file work.pdb (PDB, C-alpha atoms)
ATOM      1  CA  MET W   1      -0.078  12.789 -24.733
ATOM      2  CA  ILE W   2      -0.575  16.367 -23.643
ATOM      3  CA  GLU W   3      -1.239  17.656 -20.122
ATOM      4  CA  LEU W   4      -3.422  20.639 -19.256
ATOM      5  CA  LYS W   5      -4.654  22.168 -16.006
ATOM      6  CA  LEU W   6      -8.370  21.682 -15.343
ATOM      7  CA  SER W   7      -8.448  24.983 -13.442
ATOM      8  CA  GLU W   8      -7.174  26.809 -16.557
ATOM      9  CA  LEU W   9      -9.895  25.471 -18.878
ATOM     10  CA  ASN W  10     -12.847  27.851 -19.092
ATOM     11  CA  GLU W  11     -16.296  26.282 -18.988
ATOM     12  CA  ASN W  12     -17.869  25.913 -22.455
ATOM     13  CA  LYS W  13     -14.901  27.596 -24.160
ATOM     14  CA  ALA W  14     -13.043  25.437 -26.671
ATOM     15  CA  ILE W  15      -9.286  25.616 -27.063
ATOM     16  CA  LYS W  16      -7.003  24.197 -29.731
ATOM     17  CA  VAL W  17      -3.982  22.161 -28.660
ATOM     18  CA  ASP W  18      -1.327  20.332 -30.641
ATOM     19  CA  LEU W  19      -1.053  16.595 -30.024
ATOM     20  CA  ASP W  20       1.961  15.242 -31.895
ATOM     21  CA  GLY W  21       1.282  17.453 -34.920
ATOM     22  CA  THR W  22      -2.508  17.035 -34.873
ATOM     23  CA  ASP W  23      -4.824  19.888 -33.865
ATOM     24  CA  ILE W  24      -7.247  18.822 -31.134
ATOM     25  CA  CYS W  25     -10.262  20.746 -29.837
ATOM     26  CA  VAL W  26     -10.583  20.516 -26.032
ATOM     27  CA  VAL W  27     -13.739  21.572 -24.186
ATOM     28  CA  ARG W  28     -14.585  21.623 -20.484
ATOM     29  CA  GLN W  29     -18.209  21.213 -19.437
ATOM     30  CA  GLY W  30     -18.618  21.095 -15.684
ATOM     31  CA  SER W  31     -16.280  18.454 -14.303
ATOM     32  CA  GLU W  32     -15.931  16.735 -17.691
ATOM     33  CA  VAL W  33     -13.424  17.438 -20.447
ATOM     34  CA  PHE W  34     -13.829  16.327 -24.062
ATOM     35  CA  ALA W  35     -11.303  16.135 -26.890
ATOM     36  CA  ILE W  36     -12.200  15.847 -30.583
ATOM     37  CA  ALA W  37     -10.423  16.530 -33.858
ATOM     38  CA  ASP W  38     -10.289  20.284 -34.436
ATOM     39  CA  LEU W  39     -11.037  20.095 -38.163
ATOM     40  CA  CYS W  40     -14.703  20.017 -39.203
ATOM     41  CA  SER W  41     -15.511  16.969 -41.327
ATOM     42  CA  HIS W  42     -17.603  19.079 -43.724
ATOM     43  CA  ALA W  43     -15.189  21.921 -44.505
ATOM     44  CA  GLU W  44     -11.723  22.929 -43.436
ATOM     45  CA  ALA W  45     -12.727  24.992 -40.426
ATOM     46  CA  SER W  46     -11.399  24.944 -36.876
ATOM     47  CA  LEU W  47     -14.014  23.614 -34.457
ATOM     48  CA  SER W  48     -12.255  25.296 -31.523
ATOM     49  CA  GLU W  49     -13.494  28.622 -32.932
ATOM     50  CA  GLY W  50     -17.122  27.485 -32.673
ATOM     51  CA  ASP W  51     -19.789  27.884 -30.024
ATOM     52  CA  VAL W  52     -20.217  25.231 -27.348
ATOM     53  CA  THR W  53     -23.639  24.177 -26.075
ATOM     54  CA  MET W  54     -24.642  21.301 -23.827
ATOM     55  CA  GLY W  55     -22.697  18.331 -25.167
ATOM     56  CA  ARG W  56     -22.115  19.834 -28.614
ATOM     57  CA  ILE W  57     -19.829  22.161 -30.540
ATOM     58  CA  GLU W  58     -20.952  24.128 -33.578
ATOM     59  CA  CYS W  59     -18.681  24.761 -36.540
ATOM     60  CA  TRP W  60     -18.493  28.519 -37.014
ATOM     61  CA  LEU W  61     -18.307  28.269 -40.821
ATOM     62  CA  HIS W  62     -21.509  26.431 -41.801
ATOM     63  CA  GLY W  63     -23.238  25.638 -38.489
ATOM     64  CA  ALA W  64     -22.749  21.868 -38.369
ATOM     65  CA  GLU W  65     -22.842  20.521 -34.813
ATOM     66  CA  PHE W  66     -20.842  17.627 -33.395
ATOM     67  CA  ASP W  67     -21.428  15.553 -30.268
ATOM     68  CA  LEU W  68     -18.495  16.130 -27.906
ATOM     69  CA  ARG W  69     -18.709  12.587 -26.463
ATOM     70  CA  THR W  70     -18.859  10.614 -29.699
ATOM     71  CA  GLY W  71     -17.686  12.976 -32.432
ATOM     72  CA  GLU W  72     -20.864  12.220 -34.408
ATOM     73  CA  ALA W  73     -22.195  14.909 -36.730
ATOM     74  CA  VAL W  74     -25.642  15.754 -35.351
ATOM     75  CA  THR W  75     -26.727  18.509 -37.765
ATOM     76  CA  PRO W  76     -26.114  19.184 -41.450
ATOM     77  CA  PRO W  77     -24.259  20.071 -43.508
ATOM     78  CA  ALA W  78     -21.755  17.687 -41.879
ATOM     79  CA  SER W  79     -22.566  13.997 -42.106
ATOM     80  CA  ALA W  80     -19.256  12.366 -41.193
ATOM     81  CA  PRO W  81     -18.035  12.160 -37.589
ATOM     82  CA  VAL W  82     -14.797  13.635 -36.281
ATOM     83  CA  GLU W  83     -12.292  11.620 -34.282
ATOM     84  CA  THR W  84     -12.445  11.656 -30.489
ATOM     85  CA  TYR W  85      -9.490  11.337 -28.131
ATOM     86  CA  PRO W  86      -9.281   9.813 -24.665
ATOM     87  CA  VAL W  87      -9.249  12.196 -21.711
ATOM     88  CA  SER W  88      -8.331  11.421 -18.119
ATOM     89  CA  ILE W  89      -8.518  13.757 -15.131
ATOM     90  CA  GLU W  90      -6.523  13.368 -11.936
ATOM     91  CA  GLY W  91      -6.923  16.260  -9.537
ATOM     92  CA  ASP W  92      -6.136  19.393 -11.550
ATOM     93  CA  THR W  93      -4.303  17.514 -14.312
ATOM     94  CA  VAL W  94      -6.059  16.723 -17.588
ATOM     95  CA  ARG W  95      -4.369  14.263 -19.938
ATOM     96  CA  VAL W  96      -5.418  14.113 -23.581
ATOM     97  CA  GLY W  97      -4.316  11.366 -25.962
TER      98      GLY W  97
END
call {"tool": "encode", "arguments": {"input": "work.pdb", "output": "structure tokens"}}
result
Amino acid sequence: MIELKLSELNENKAIKVDLDGTDICVVRQGSEVFAIADLCSHAEASLSEGDVTMGRIECWLHGAEFDLRTGEAVTPPASAPVETYPVSIEGDTVRVG
């Protein structure tokens, strides 16, 4: 498990964190925080470098979009989902994993 500060997460700006040797993409949207695998399921590209829109993140390499809640690939060229990770928020503390 990793702990972050909610107040230090910028709205709609993804960050990459290490969770026990696995890169995780963390995104804050409003009062919600989402955590998905950082590696695009279509090509080896870091999702945390992509653009975030309402409920989605776009892979910067080929434009595939993934649902932040479910990890599902919602646009081609990706067709396989990415893993999601549990997130809990207590006050200013965000726990991932």
call {"tool": "resolve_selection", "arguments": {"input": "work.pdb", "expression": "the PyMOL selection byres ((chain W and resi 31-47) around 6)", "output": "list in words"}}
result
Asp23, Ile24, Cys25, Val26, Val27, Arg28, Gln29, Gly30, Ser48, Glu49, Gly50, Cys59, Ala78, Ala80, Val82, Glu83, Thr84 and Tyr85 of chain W
call {"tool": "closest_residue", "arguments": {"input": "work.pdb", "among": "W:Val94, W:Val17, W:Val52, W:Ala64", "to": "Ser79 of chain W", "atoms": "all atoms listed in the file"}}
result
W:Ala64
call {"tool": "closest_residue", "arguments": {"input": "work.pdb", "among": "W:Val96, W:Arg69, W:Thr75, W:Gly63", "to": "Lys16 of chain W", "atoms": "only C-alpha atoms"}}
result
W:Val96
call {"tool": "atom_distance", "arguments": {"input": "work.pdb", "atom1": "atom CA of Thr93 of chain W", "atom2": "atom CA of Lys5 of chain W"}}
result
5.0 Å
call {"tool": "atom_distance", "arguments": {"input": "work.pdb", "atom1": "atom CA of Gly91 of chain W", "atom2": "atom CA of Leu6 of chain W"}}
result
8.1 Å
call {"tool": "closest_residue", "arguments": {"input": "work.pdb", "among": "W:Leu4, W:Leu9, W:Ile89, W:Ile15", "to": "Asp51 of chain W", "atoms": "only C-alpha atoms"}}
result
W:Ile15
call {"tool": "atom_distance", "arguments": {"input": "work.pdb", "atom1": "atom CA of Gly97 of chain W", "atom2": "atom CA of Ile2 of chain W"}}
result
6.7 Å
call {"tool": "residues_around", "arguments": {"input": "work.pdb", "residues": "Pro81 of chain W", "least_positions_apart": "3", "cutoff": "9 Å", "atoms": "all atoms listed in the file", "output": "PyMOL selection string"}}
result
chain W and resi 40-41+66-67+70-74+78
